[in-house]
>>> print(open('query04.pdb').read())   # PDB, C-alpha atoms
ATOM      1  CA  MET T 708      -5.376  32.219  12.665
ATOM      2  CA  ILE T 709      -3.924  29.510  10.429
ATOM      3  CA  THR T 710      -1.266  28.792  13.045
ATOM      4  CA  ALA T 711      -3.905  28.576  15.766
ATOM      5  CA  VAL T 712      -5.969  26.107  13.741
ATOM      6  CA  ALA T 713      -2.895  24.003  12.971
ATOM      7  CA  LEU T 714      -1.896  23.896  16.635
ATOM      8  CA  ALA T 715      -5.430  23.065  17.752
ATOM      9  CA  GLY T 716      -5.600  20.279  15.178
ATOM     10  CA  TYR T 717      -2.274  18.916  16.363
ATOM     11  CA  ALA T 718      -3.460  18.975  19.974
ATOM     12  CA  ALA T 719      -6.658  17.179  18.954
ATOM     13  CA  LEU T 720      -4.651  14.563  17.060
ATOM     14  CA  VAL T 721      -2.440  13.892  20.077
ATOM     15  CA  GLY T 722      -5.208  14.149  22.655
ATOM     16  CA  ALA T 723      -7.970  12.216  20.895
ATOM     17  CA  ALA T 724      -6.898  10.314  17.779
ATOM     18  CA  LEU T 725      -3.538   8.761  18.693
ATOM     19  CA  PRO T 726      -4.253   7.365  22.208
ATOM     20  CA  PRO T 727      -6.612   4.555  21.066
ATOM     21  CA  LEU T 728      -4.104   3.549  18.382
ATOM     22  CA  LEU T 729      -1.210   3.451  20.847
ATOM     23  CA  ALA T 730      -3.322   1.508  23.363
ATOM     24  CA  ARG T 731      -3.869  -1.206  20.715
ATOM     25  CA  ALA T 732      -0.290  -1.245  19.411
ATOM     26  CA  GLY T 733       1.172  -4.735  19.597
ATOM     27  CA  TRP T 734       4.753  -3.530  19.989
ATOM     28  CA  ALA T 735       3.924  -1.743  23.259
ATOM     29  CA  HIS T 736       3.764  -4.966  25.274
ATOM     30  CA  ARG T 737       7.006  -6.209  23.734
ATOM     31  CA  THR T 738       8.890  -3.061  24.724
ATOM     32  CA  PRO T 739       6.928  -1.629  27.664
ATOM     33  CA  ALA T 740       9.621   0.853  28.703
ATOM     34  CA  VAL T 741       9.575   2.464  25.255
ATOM     35  CA  ALA T 742       5.776   2.499  25.319
ATOM     36  CA  VAL T 743       5.792   4.310  28.675
ATOM     37  CA  LEU T 744       8.092   6.919  27.121
ATOM     38  CA  ALA T 745       5.680   7.255  24.194
ATOM     39  CA  TRP T 746       2.741   7.941  26.532
ATOM     40  CA  GLN T 747       4.781  10.528  28.419
ATOM     41  CA  GLY T 748       5.654  12.146  25.109
ATOM     42  CA  LEU T 749       1.984  12.357  24.135
ATOM     43  CA  MET T 750       1.130  14.112  27.398
ATOM     44  CA  LEU T 751       3.931  16.654  26.994
ATOM     45  CA  THR T 752       3.042  17.225  23.355
ATOM     46  CA  PHE T 753      -0.604  17.866  24.191
ATOM     47  CA  VAL T 754       0.252  20.405  26.888
ATOM     48  CA  VAL T 755       2.695  22.268  24.617
ATOM     49  CA  ALA T 756       0.396  22.270  21.586
ATOM     50  CA  ALA T 757      -2.721  23.171  23.571
ATOM     51  CA  SER T 758      -1.059  26.053  25.417
ATOM     52  CA  LEU T 759       0.332  27.529  22.187
ATOM     53  CA  ALA T 760      -3.005  27.057  20.422
ATOM     54  CA  VAL T 761      -4.827  28.888  23.209
ATOM     55  CA  TYR T 762      -2.305  31.711  23.042
ATOM     56  CA  HIS T 763      -2.776  32.148  19.286
ATOM     57  CA  LEU T 764      -6.544  31.874  19.526
ATOM     58  CA  VAL T 765      -7.028  34.525  22.194
ATOM     59  CA  PHE T 766      -4.213  36.830  21.138
ATOM     60  CA  ALA T 767      -4.827  37.767  17.534
ATOM     61  CA  GLY T 768      -2.798  40.943  17.824
ATOM     62  CA  GLU T 769       0.752  41.837  16.941
ATOM     63  CA  HIS T 770       2.395  39.390  19.334
ATOM     64  CA  ALA T 771       0.543  36.428  17.858
ATOM     65  CA  HIS T 772       1.686  37.479  14.397
ATOM     66  CA  GLY T 773       5.227  37.408  15.712
ATOM     67  CA  GLY T 774       4.932  33.749  16.625
ATOM     68  CA  LEU T 775       7.010  32.621  19.568
ATOM     69  CA  ILE T 776       9.021  35.858  19.417
ATOM     70  CA  GLY T 777       5.803  37.773  19.994
ATOM     71  CA  LEU T 778       5.030  35.707  23.056
ATOM     72  CA  LEU T 779       8.524  36.322  24.420
ATOM     73  CA  ALA T 780       8.139  40.026  23.688
ATOM     74  CA  VAL T 781       5.083  40.150  25.925
ATOM     75  CA  CYS T 782       7.220  38.678  28.689
ATOM     76  CA  GLY T 783      10.013  41.166  27.975
ATOM     77  CA  LEU T 784      12.423  38.377  27.013
ATOM     78  CA  ALA T 785      12.853  38.988  23.312
ATOM     79  CA  GLN T 786      15.262  41.468  21.755
ATOM     80  CA  GLY T 787      13.614  44.786  21.222
ATOM     81  CA  ALA T 788      10.903  44.062  23.763
ATOM     82  CA  PRO T 789       9.477  47.152  25.416
ATOM     83  CA  SER T 790      11.103  48.132  28.693
ATOM     84  CA  HIS T 791       7.771  48.910  30.364
ATOM     85  CA  ALA T 792       5.681  46.231  32.055
ATOM     86  CA  PRO T 793       3.197  44.288  29.913
ATOM     87  CA  ALA T 794      -0.217  45.885  29.528
ATOM     88  CA  ALA T 795      -3.192  44.496  31.389
ATOM     89  CA  GLY T 796      -4.499  42.989  28.151
ATOM     90  CA  ASP T 797      -1.172  41.258  27.533
ATOM     91  CA  ALA T 798      -1.170  39.866  31.055
ATOM     92  CA  PHE T 799      -4.688  38.504  30.554
ATOM     93  CA  VAL T 800      -3.674  36.838  27.308
ATOM     94  CA  LEU T 801      -0.620  35.295  28.926
ATOM     95  CA  ALA T 802      -2.816  33.884  31.685
ATOM     96  CA  ALA T 803      -4.785  31.732  29.215
ATOM     97  CA  PRO T 804      -1.897  29.519  27.971
ATOM     98  CA  VAL T 805      -0.262  29.610  31.396
ATOM     99  CA  VAL T 806      -3.380  27.981  32.869
ATOM    100  CA  VAL T 807      -2.945  25.041  30.479
ATOM    101  CA  LEU T 808       0.613  24.644  31.743
ATOM    102  CA  VAL T 809      -0.058  25.259  35.429
ATOM    103  CA  LEU T 810      -3.150  23.062  35.716
ATOM    104  CA  PRO T 811      -1.357  19.682  35.431
ATOM    105  CA  VAL T 812       1.558  20.977  37.517
ATOM    106  CA  GLY T 813      -0.841  22.037  40.269
ATOM    107  CA  TRP T 814      -2.528  18.656  40.248
ATOM    108  CA  LEU T 815       0.884  16.967  40.327
ATOM    109  CA  VAL T 816       1.846  18.857  43.475
ATOM    110  CA  ARG T 817      -1.489  18.053  45.095
ATOM    111  CA  CYS T 818      -1.308  14.351  44.219
ATOM    112  CA  ALA T 819       2.310  14.136  45.401
ATOM    113  CA  LEU T 820       1.509  15.678  48.778
ATOM    114  CA  ARG T 821      -1.508  13.444  49.261
ATOM    115  CA  ALA T 822       0.477  10.317  48.330
ATOM    116  CA  ARG T 823       3.289  11.323  50.653
ATOM    117  CA  ARG T 824       0.904  11.652  53.589
ATOM    118  CA  ALA T 825      -0.699   8.303  52.800
ATOM    119  CA  ARG T 826       2.694   6.576  52.559
ATOM    120  CA  GLN T 827       3.750   8.058  55.876
ATOM    121  CA  ARG T 828       0.617   6.684  57.533
ATOM    122  CA  GLN T 829       1.430   3.238  56.159
ATOM    123  CA  LEU T 830       5.043   3.492  57.342
ATOM    124  CA  ASP T 831       3.894   4.482  60.825
ATOM    125  CA  MET T 832       1.585   1.472  60.882
ATOM    126  CA  LEU T 833       4.367  -0.847  59.697
ATOM    127  CA  ALA T 834       6.560   0.401  62.531
ATOM    128  CA  LEU T 835       3.949  -0.945  64.939
ATOM    129  CA  VAL T 836       2.850  -4.191  63.298
ATOM    130  CA  GLY T 837       5.671  -5.066  60.906
ATOM    131  CA  GLU T 838       8.498  -7.499  61.588
ATOM    132  CA  PRO T 839      11.816  -7.093  59.726
ATOM    133  CA  ALA T 840      12.910 -10.001  57.545
ATOM    134  CA  PRO T 841      16.558  -9.248  56.665
ATOM    135  CA  GLU T 842      16.952 -12.467  54.700
ATOM    136  CA  TYR T 843      14.426 -11.137  52.190
ATOM    137  CA  GLY T 844      15.043  -7.426  52.588
ATOM    138  CA  ALA T 845      11.379  -6.977  53.434
ATOM    139  CA  THR T 846       8.928  -6.322  56.251
ATOM    140  CA  VAL T 847       6.547  -9.112  57.268
ATOM    141  CA  VAL T 848       2.989  -8.353  58.360
ATOM    142  CA  ASP T 849       0.956 -10.931  60.250
ATOM    143  CA  HIS T 850      -1.993 -11.239  57.878
ATOM    144  CA  GLY T 851      -3.519 -14.397  56.453
ATOM    145  CA  ALA T 852      -4.223 -13.142  52.919
ATOM    146  CA  PRO T 853      -1.205 -13.578  50.622
ATOM    147  CA  ALA T 854       0.037 -10.199  49.404
ATOM    148  CA  VAL T 855       3.334  -8.627  48.383
ATOM    149  CA  TYR T 856       3.704  -4.914  47.733
ATOM    150  CA  CYS T 857       6.055  -1.999  48.099
ATOM    151  CA  LEU T 858       5.776   1.466  49.582
ATOM    152  CA  PRO T 859       7.886   3.649  47.280
ATOM    153  CA  GLY T 860       9.529   6.918  48.100
ATOM    154  CA  ARG T 861      12.480   8.045  50.195
ATOM    155  CA  SER T 862      11.765   5.512  52.988
ATOM    156  CA  SER T 863      10.761   2.684  50.674
ATOM    157  CA  ARG T 864       9.703  -0.709  52.021
ATOM    158  CA  VAL T 865       8.820  -4.060  50.516
ATOM    159  CA  VAL T 866       6.018  -5.707  52.503
ATOM    160  CA  VAL T 867       5.123  -9.404  52.625
ATOM    161  CA  THR T 868       2.185 -10.851  54.501
ATOM    162  CA  ARG T 869       2.464 -14.029  56.555
ATOM    163  CA  GLY T 870      -0.041 -15.603  54.181
ATOM    164  CA  ALA T 871       2.322 -15.029  51.245
ATOM    165  CA  LEU T 872       5.175 -16.692  53.125
ATOM    166  CA  ASP T 873       2.950 -19.714  53.702
ATOM    167  CA  VAL T 874       1.921 -20.253  50.056
ATOM    168  CA  LEU T 875       5.003 -19.152  48.109
ATOM    169  CA  SER T 876       8.126 -21.204  47.628
ATOM    170  CA  ASP T 877      11.481 -19.550  48.159
ATOM    171  CA  ALA T 878      12.003 -19.119  44.396
ATOM    172  CA  GLU T 879       8.516 -17.679  43.915
ATOM    173  CA  LEU T 880       8.920 -15.294  46.827
ATOM    174  CA  ARG T 881      12.268 -14.013  45.616
ATOM    175  CA  ALA T 882      10.888 -13.514  42.098
ATOM    176  CA  VAL T 883       7.994 -11.386  43.316
ATOM    177  CA  LEU T 884      10.278  -9.456  45.672
ATOM    178  CA  GLU T 885      12.513  -8.603  42.718
ATOM    179  CA  HIS T 886       9.413  -7.339  40.902
ATOM    180  CA  GLU T 887       8.716  -4.981  43.801
ATOM    181  CA  ARG T 888      12.301  -3.766  43.983
ATOM    182  CA  ALA T 889      12.073  -2.935  40.280
ATOM    183  CA  HIS T 890       9.208  -0.577  41.090
ATOM    184  CA  ILE T 891      11.311   1.124  43.757
ATOM    185  CA  THR T 892      14.576   1.433  41.830
ATOM    186  CA  GLY T 893      12.717   2.544  38.697
ATOM    187  CA  ARG T 894      10.824   5.195  40.701
ATOM    188  CA  HIS T 895       7.616   4.041  39.055
ATOM    189  CA  HIS T 896       5.537   5.870  41.660
ATOM    190  CA  VAL T 897       6.645   9.171  40.086
ATOM    191  CA  LEU T 898       5.162   8.141  36.739
ATOM    192  CA  HIS T 899       1.990   7.053  38.527
ATOM    193  CA  LEU T 900       1.739  10.550  40.008
ATOM    194  CA  VAL T 901       2.322  12.219  36.631
ATOM    195  CA  VAL T 902      -0.410  10.306  34.816
ATOM    196  CA  ASP T 903      -2.799  10.690  37.758
ATOM    197  CA  ALA T 904      -2.265  14.458  37.745
ATOM    198  CA  PHE T 905      -2.723  14.654  33.972
ATOM    199  CA  SER T 906      -5.960  12.657  34.064
ATOM    200  CA  ARG T 907      -7.335  14.926  36.800
ATOM    201  CA  ALA T 908      -6.242  18.096  34.988
ATOM    202  CA  PHE T 909      -7.928  17.108  31.707
ATOM    203  CA  PRO T 910     -10.919  14.894  32.609
ATOM    204  CA  GLY T 911     -12.829  13.599  29.619
ATOM    205  CA  LEU T 912      -9.833  13.833  27.286
ATOM    206  CA  PRO T 913      -9.255  10.459  25.567
ATOM    207  CA  LEU T 914      -5.528  10.749  26.192
ATOM    208  CA  ALA T 915      -6.154  11.217  29.919
ATOM    209  CA  ARG T 916      -8.498   8.232  29.951
ATOM    210  CA  HIS T 917      -6.051   5.899  28.197
ATOM    211  CA  VAL T 918      -2.730   7.034  29.628
ATOM    212  CA  LYS T 919      -3.468   6.126  33.238
ATOM    213  CA  GLY T 920      -4.521   2.525  32.692
ATOM    214  CA  GLN T 921      -1.896   1.883  30.049
ATOM    215  CA  THR T 922       0.937   3.312  32.116
ATOM    216  CA  VAL T 923      -0.033   1.221  35.158
ATOM    217  CA  LEU T 924      -0.098  -1.943  33.038
ATOM    218  CA  LEU T 925       3.152  -1.152  31.207
ATOM    219  CA  LEU T 926       5.029  -0.393  34.421
ATOM    220  CA  GLU T 927       3.951  -3.765  35.795
ATOM    221  CA  MET T 928       5.368  -5.343  32.645
ATOM    222  CA  VAL T 929       8.611  -3.421  33.102
ATOM    223  CA  ALA T 930       8.876  -4.790  36.637
ATOM    224  CA  ASP T 931       8.069  -8.290  35.349
ATOM    225  CA  ASP T 932      10.938  -8.031  32.863
ATOM    226  CA  ARG T 933      13.301  -6.964  35.622
ATOM    227  CA  ALA T 934      12.321  -9.965  37.752
ATOM    228  CA  LEU T 935      12.730 -12.337  34.802
ATOM    229  CA  ARG T 936      16.383 -11.357  34.431
ATOM    230  CA  SER T 937      17.278 -13.499  37.432
ATOM    231  CA  HIS T 938      14.231 -15.709  38.061
ATOM    232  CA  SER T 939      12.279 -18.286  36.087
ATOM    233  CA  ARG T 940       9.058 -17.516  34.275
ATOM    234  CA  ASP T 941       7.194 -20.290  36.085
ATOM    235  CA  ALA T 942       8.214 -18.919  39.483
ATOM    236  CA  LEU T 943       7.045 -15.396  38.696
ATOM    237  CA  ALA T 944       3.796 -16.497  37.046
ATOM    238  CA  THR T 945       2.923 -18.791  39.967
ATOM    239  CA  ALA T 946       3.682 -16.044  42.476
ATOM    240  CA  MET T 947       1.459 -13.608  40.565
ATOM    241  CA  CYS T 948      -1.432 -16.064  40.727
ATOM    242  CA  GLU T 949      -0.906 -16.874  44.415
ATOM    243  CA  VAL T 950      -1.021 -13.219  45.512
ATOM    244  CA  ALA T 951      -3.770 -12.219  43.088
ATOM    245  CA  GLY T 952      -6.419 -12.051  45.797
ATOM    246  CA  GLY T 953      -4.383 -10.046  48.261
ATOM    247  CA  ARG T 954      -5.446  -6.467  48.939
ATOM    248  CA  VAL T 955      -2.751  -3.802  49.116
ATOM    249  CA  PRO T 956      -2.910  -0.191  50.309
ATOM    250  CA  ARG T 957      -4.009   2.241  47.638
ATOM    251  CA  VAL T 958      -0.732   4.147  47.836
ATOM    252  CA  ALA T 959       1.330   0.971  47.371
ATOM    253  CA  LEU T 960       2.461  -0.792  44.206
ATOM    254  CA  GLY T 961       1.574  -4.477  44.216
ATOM    255  CA  ALA T 962       2.815  -7.410  42.170
ATOM    256  CA  ASP T 963      -0.505  -9.242  42.122
ATOM    257  CA  GLY T 964      -1.780 -10.974  39.035
ATOM    258  CA  GLY T 965      -5.264  -9.587  39.421
ATOM    259  CA  GLY T 966      -6.870  -6.437  38.168
ATOM    260  CA  SER T 967      -6.703  -4.893  34.737
ATOM    261  CA  GLY T 968      -4.326  -6.618  32.364
ATOM    262  CA  ALA T 969      -3.775  -9.678  34.563
ATOM    263  CA  LEU T 970      -4.249 -12.184  31.756
ATOM    264  CA  LEU T 971      -2.100 -10.106  29.419
ATOM    265  CA  ARG T 972       0.739 -10.089  31.936
ATOM    266  CA  LEU T 973       0.485 -13.806  32.656
ATOM    267  CA  HIS T 974       0.409 -14.660  28.949
ATOM    268  CA  ARG T 975       3.365 -12.363  28.351
ATOM    269  CA  VAL T 976       5.400 -13.922  31.187
ATOM    270  CA  LEU T 977       4.702 -17.511  30.124
ATOM    271  CA  THR T 978       4.917 -17.021  26.341
ATOM    272  CA  PRO T 979       7.566 -14.402  25.591
ATOM    273  CA  GLN T 980       7.305 -12.529  22.322
ATOM    274  CA  PRO T 981      10.255 -11.361  20.203
ATOM    275  CA  ARG T 982      11.244  -7.761  20.791
ATOM    276  CA  PRO T 983      10.978  -5.304  17.890
ATOM    277  CA  HIS T 984      14.118  -4.646  15.877
ATOM    278  CA  TRP T 985      16.312  -1.912  17.325
ATOM    279  CA  THR T 986      15.525   0.327  14.353
ATOM    280  CA  ALA T 987      11.826   0.143  15.226
ATOM    281  CA  TRP T 988      12.193   1.258  18.832
ATOM    282  CA  LEU T 989      14.768   3.862  17.787
ATOM    283  CA  GLY T 990      12.186   5.316  15.413
ATOM    284  CA  ILE T 991       9.574   5.332  18.173
ATOM    285  CA  VAL T 992      11.916   7.105  20.586
ATOM    286  CA  THR T 993      12.860   9.652  17.915
ATOM    287  CA  ALA T 994       9.201  10.366  17.135
ATOM    288  CA  THR T 995       8.432  10.699  20.842
ATOM    289  CA  VAL T 996      11.187  13.263  21.319
ATOM    290  CA  ALA T 997      10.307  15.171  18.141
ATOM    291  CA  ALA T 998       6.545  15.336  18.768
ATOM    292  CA  PRO T 999       6.575  18.097  21.447
ATOM    293  CA  LEU T1000       9.136  20.083  19.436
ATOM    294  CA  LEU T1001       6.957  20.382  16.334
ATOM    295  CA  PRO T1002       4.567  22.976  17.838
ATOM    296  CA  LEU T1003       7.546  25.077  18.917
ATOM    297  CA  LEU T1004       9.041  24.915  15.429
ATOM    298  CA  LEU T1005       5.669  25.914  13.973
ATOM    299  CA  VAL T1006       5.432  29.104  16.004
ATOM    300  CA  CYS T1007       9.098  30.092  15.860
ATOM    301  CA  GLY T1008       8.740  31.591  12.405
ATOM    302  CA  PRO T1009       6.841  34.815  11.730
TER     303      PRO T1009
END
>>> encode(input="query04.pdb", output="structure tokens")
Amino acid sequence: MITAVALAGYAALVGAALPPLLARAGWAHRTPAVAVLAWQGLMLTFVVAASLAVYHLVFAGEHAHGGLIGLLAVCGLAQGAPSHAPAAGDAFVLAAPVVVLVLPVGWLVRCALRARRARQRQLDMLALVGEPAPEYGATVVDHGAPAVYCLPGRSSRVVVTRGALDVLSDAELRAVLEHERAHITGRHHVLHLVVDAFSRAFPGLPLARHVKGQTVLLLEMVADDRALRSHSRDALATAMCEVAGGRVPRVALGADGGGSGALLRLHRVLTPQPRPHWTAWLGIVTATVAAPLLPLLLVCGP
């Protein structure tokens, strides 16, 4: 029972107490890629800790007293495990923690299939109304509202409206196009799917509420940083403002300066902040990797 309480407390710490602190952390906007990793680590840690806590709470018998070895024994994977199939009671107990694991995975599959269908519809539409622009590596759509976005995935596309071509200079256009290519090459749509699935699997959980908005904002900052490697800050900031009013398909990733975190991104682009010392981000990465391992270490012993 002590192990169950410790695991439940750890899950509560990760799922409720830490997310607001991480959302307000100043270092996150200076190293957005590391912050994205930290949010992913919190999600994994919560799932591991919660599933193990549920197992120990509902299975107070001999297998729970055996820690992780007891759980493996139920599955017939541990040395000395009985050769016969697990009893009906064991199977029921295994189902409880398995649900915690399967729930986000099921939502991930559902969200991925739905996003794939939506992207395919957009690609089919672009085949009819889009005009290739090889000089930019993009597809131009005849629409008056300025907008630039990408359709990620296997058949990825960067889309520019005619309105964006009219208002953006060549430098501004190339800066925002590089932002979109950063989304594609970084496979940011996969992380969008992961956080969307997690938030749907655990609605009401503070971690689920924070992780989605923070990950979206941080990935935009990651793409901003990629664009700033080869383009000026003024060009990117101006382009963000010019396309701020453009509407993009829900399944797409857009480089607009509107929406949540717009002012934060613009301020960050125009007034760069010093990055944390390498020892600081190394410590954050180490803690992120160690966090999901702690529950396993707790239950490994008898």
>>> closest_residue(input="query04.pdb", among="T:Ala930, T:Ala987, T:Ala723, T:Val867", to="T:Val955", atoms="only C-alpha atoms")
T:Val867
>>> closest_residue(input="query04.pdb", among="T:Gly722, T:Val865, T:Val765, T:Glu879", to="T:Leu749", atoms="only C-alpha atoms")
T:Gly722
>>> closest_atom_pairs(input="query04.pdb", of="stretch 803-892 of chain T", to="stretch 911-927 of chain T", cutoff="10 Å", atoms="only C-alpha atoms", output="Markdown table")
| residue | atom | partner | partner_atom | distance |
| --- | --- | --- | --- | --- |
| T:His886 | CA | T:Glu927 | CA | 8.3 |
| T:Glu887 | CA | T:Glu927 | CA | 9.4 |
| T:Ala889 | CA | T:Glu927 | CA | 9.3 |
| T:His890 | CA | T:Leu926 | CA | 7.9 |
>>> residues_around(input="query04.pdb", residues="T:Phe753", least_positions_apart="4", cutoff="9 Å", atoms="only C-alpha atoms", output="MDAnalysis selection string")
chainID T and resid 717:722 748:749 757:758 914 999
>>> closest_residue(input="query04.pdb", among="T:Leu884, T:Ala715, T:Leu989, T:His974", to="T:Ala760", atoms="all atoms listed in the file")
T:Ala715
>>> residues_near_point(input="query04.pdb", point="(5.7, -10.3, 27.1)", cutoff="10 Å", atoms="all atoms listed in the file", output="PyMOL selection string")
chain T and resi 734-739+928-929+931-932+971-982
>>> closest_residue(input="query04.pdb", among="T:Arg881, T:His850, T:Arg821, T:His984", to="T:Ala904", atoms="all atoms listed in the file")
T:Arg821
>>> resolve_selection(input="query04.pdb", expression="the PyMOL selection byres ((chain T and resi 747) around 9)", output="PyMOL selection string")
chain T and resi 742-746+748-752+898+901-902+918+922+995
>>> residues_around(input="query04.pdb", residues="T:Gln829", least_positions_apart="6", cutoff="10 Å", atoms="only C-alpha atoms", output="JSON, numbers by chain")
{"T": [823, 858, 956, 958, 959]}
>>> closest_residue(input="query04.pdb", among="T:Val897, T:Leu835, T:Val807, T:Val816", to="T:Arg861", atoms="all atoms listed in the file")
T:Val897
>>> atom_distance(input="query04.pdb", atom1="atom CA of T:Arg936", atom2="atom CA of T:Gly961")
19.0 Å
>>> closest_residue(input="query04.pdb", among="T:His895, T:Arg864, T:Val847, T:Leu960", to="T:Leu830", atoms="only C-alpha atoms")
T:Arg864
>>> atom_distance(input="query04.pdb", atom1="atom CA of T:Ala852", atom2="atom CA of T:Ala946")
13.4 Å
>>> atom_distance(input="query04.pdb", atom1="atom CA of T:Ala878", atom2="atom CA of T:Ala942")
6.2 Å
>>> residues_near_point(input="query04.pdb", point="(-2.5, -14.6, 54.6)", cutoff="8 Å", atoms="only C-alpha atoms", output="PDB file with C-alpha atoms, in the coordinates of the input")
ATOM      1  CA  ASP T 849       0.956 -10.931  60.250  1.00  0.00           C
ATOM      2  CA  HIS T 850      -1.993 -11.239  57.878  1.00  0.00           C
ATOM      3  CA  GLY T 851      -3.519 -14.397  56.453  1.00  0.00           C
ATOM      4  CA  ALA T 852      -4.223 -13.142  52.919  1.00  0.00           C
ATOM      5  CA  PRO T 853      -1.205 -13.578  50.622  1.00  0.00           C
ATOM      6  CA  ALA T 854       0.037 -10.199  49.404  1.00  0.00           C
ATOM      7  CA  THR T 868       2.185 -10.851  54.501  1.00  0.00           C
ATOM      8  CA  ARG T 869       2.464 -14.029  56.555  1.00  0.00           C
ATOM      9  CA  GLY T 870      -0.041 -15.603  54.181  1.00  0.00           C
ATOM     10  CA  ALA T 871       2.322 -15.029  51.245  1.00  0.00           C
ATOM     11  CA  ASP T 873       2.950 -19.714  53.702  1.00  0.00           C
TER      12      ASP T 873
END
>>> build_atoms(input="query04.pdb", residues="stretch 995-1001 of chain T", atoms="all heavy atoms", output="mmCIF file, keeping the file's coordinate frame")
data_model
loop_
_atom_site.group_PDB
_atom_site.id
_atom_site.type_symbol
_atom_site.label_atom_id
_atom_site.label_comp_id
_atom_site.auth_asym_id
_atom_site.auth_seq_id
_atom_site.Cartn_x
_atom_site.Cartn_y
_atom_site.Cartn_z
ATOM 1 N N THR T 995 8.898 10.221 19.539
ATOM 2 C CA THR T 995 8.432 10.699 20.842
ATOM 3 C C THR T 995 9.138 11.988 21.242
ATOM 4 O O THR T 995 8.512 12.915 21.777
ATOM 5 C CB THR T 995 8.671 9.621 21.908
ATOM 6 O OG1 THR T 995 7.931 8.440 21.557
ATOM 7 C CG2 THR T 995 8.218 10.095 23.281
ATOM 8 N N VAL T 996 10.427 12.062 20.983
ATOM 9 C CA VAL T 996 11.187 13.263 21.319
ATOM 10 C C VAL T 996 10.829 14.419 20.395
ATOM 11 O O VAL T 996 10.752 15.580 20.823
ATOM 12 C CB VAL T 996 12.701 12.962 21.259
ATOM 13 C CG1 VAL T 996 13.512 14.234 21.458
ATOM 14 C CG2 VAL T 996 13.084 11.926 22.302
ATOM 15 N N ALA T 997 10.585 14.112 19.118
ATOM 16 C CA ALA T 997 10.307 15.171 18.141
ATOM 17 C C ALA T 997 8.899 15.731 18.271
ATOM 18 O O ALA T 997 8.667 16.906 17.941
ATOM 19 C CB ALA T 997 10.519 14.635 16.725
ATOM 20 N N ALA T 998 7.949 14.915 18.747
ATOM 21 C CA ALA T 998 6.545 15.336 18.768
ATOM 22 C C ALA T 998 6.303 16.636 19.525
ATOM 23 O O ALA T 998 5.633 17.537 19.013
ATOM 24 C CB ALA T 998 5.672 14.210 19.329
ATOM 25 N N PRO T 999 6.829 16.830 20.751
ATOM 26 C CA PRO T 999 6.575 18.097 21.447
ATOM 27 C C PRO T 999 7.353 19.272 20.871
ATOM 28 O O PRO T 999 7.059 20.430 21.194
ATOM 29 C CB PRO T 999 7.016 17.806 22.890
ATOM 30 C CG PRO T 999 7.966 16.680 22.780
ATOM 31 C CD PRO T 999 7.515 15.863 21.617
ATOM 32 N N LEU T 1000 8.360 18.994 20.027
ATOM 33 C CA LEU T 1000 9.136 20.083 19.436
ATOM 34 C C LEU T 1000 8.462 20.674 18.200
ATOM 35 O O LEU T 1000 8.727 21.826 17.838
ATOM 36 C CB LEU T 1000 10.538 19.583 19.047
ATOM 37 C CG LEU T 1000 11.415 19.072 20.202
ATOM 38 C CD1 LEU T 1000 12.751 18.568 19.652
ATOM 39 C CD2 LEU T 1000 11.620 20.150 21.247
ATOM 40 N N LEU T 1001 7.599 19.897 17.542
ATOM 41 C CA LEU T 1001 6.957 20.382 16.334
ATOM 42 C C LEU T 1001 6.120 21.643 16.554
ATOM 43 O O LEU T 1001 6.193 22.584 15.752
ATOM 44 C CB LEU T 1001 6.099 19.272 15.715
ATOM 45 C CG LEU T 1001 6.858 18.098 15.092
ATOM 46 C CD1 LEU T 1001 5.899 17.064 14.549
ATOM 47 C CD2 LEU T 1001 7.792 18.583 13.988
#
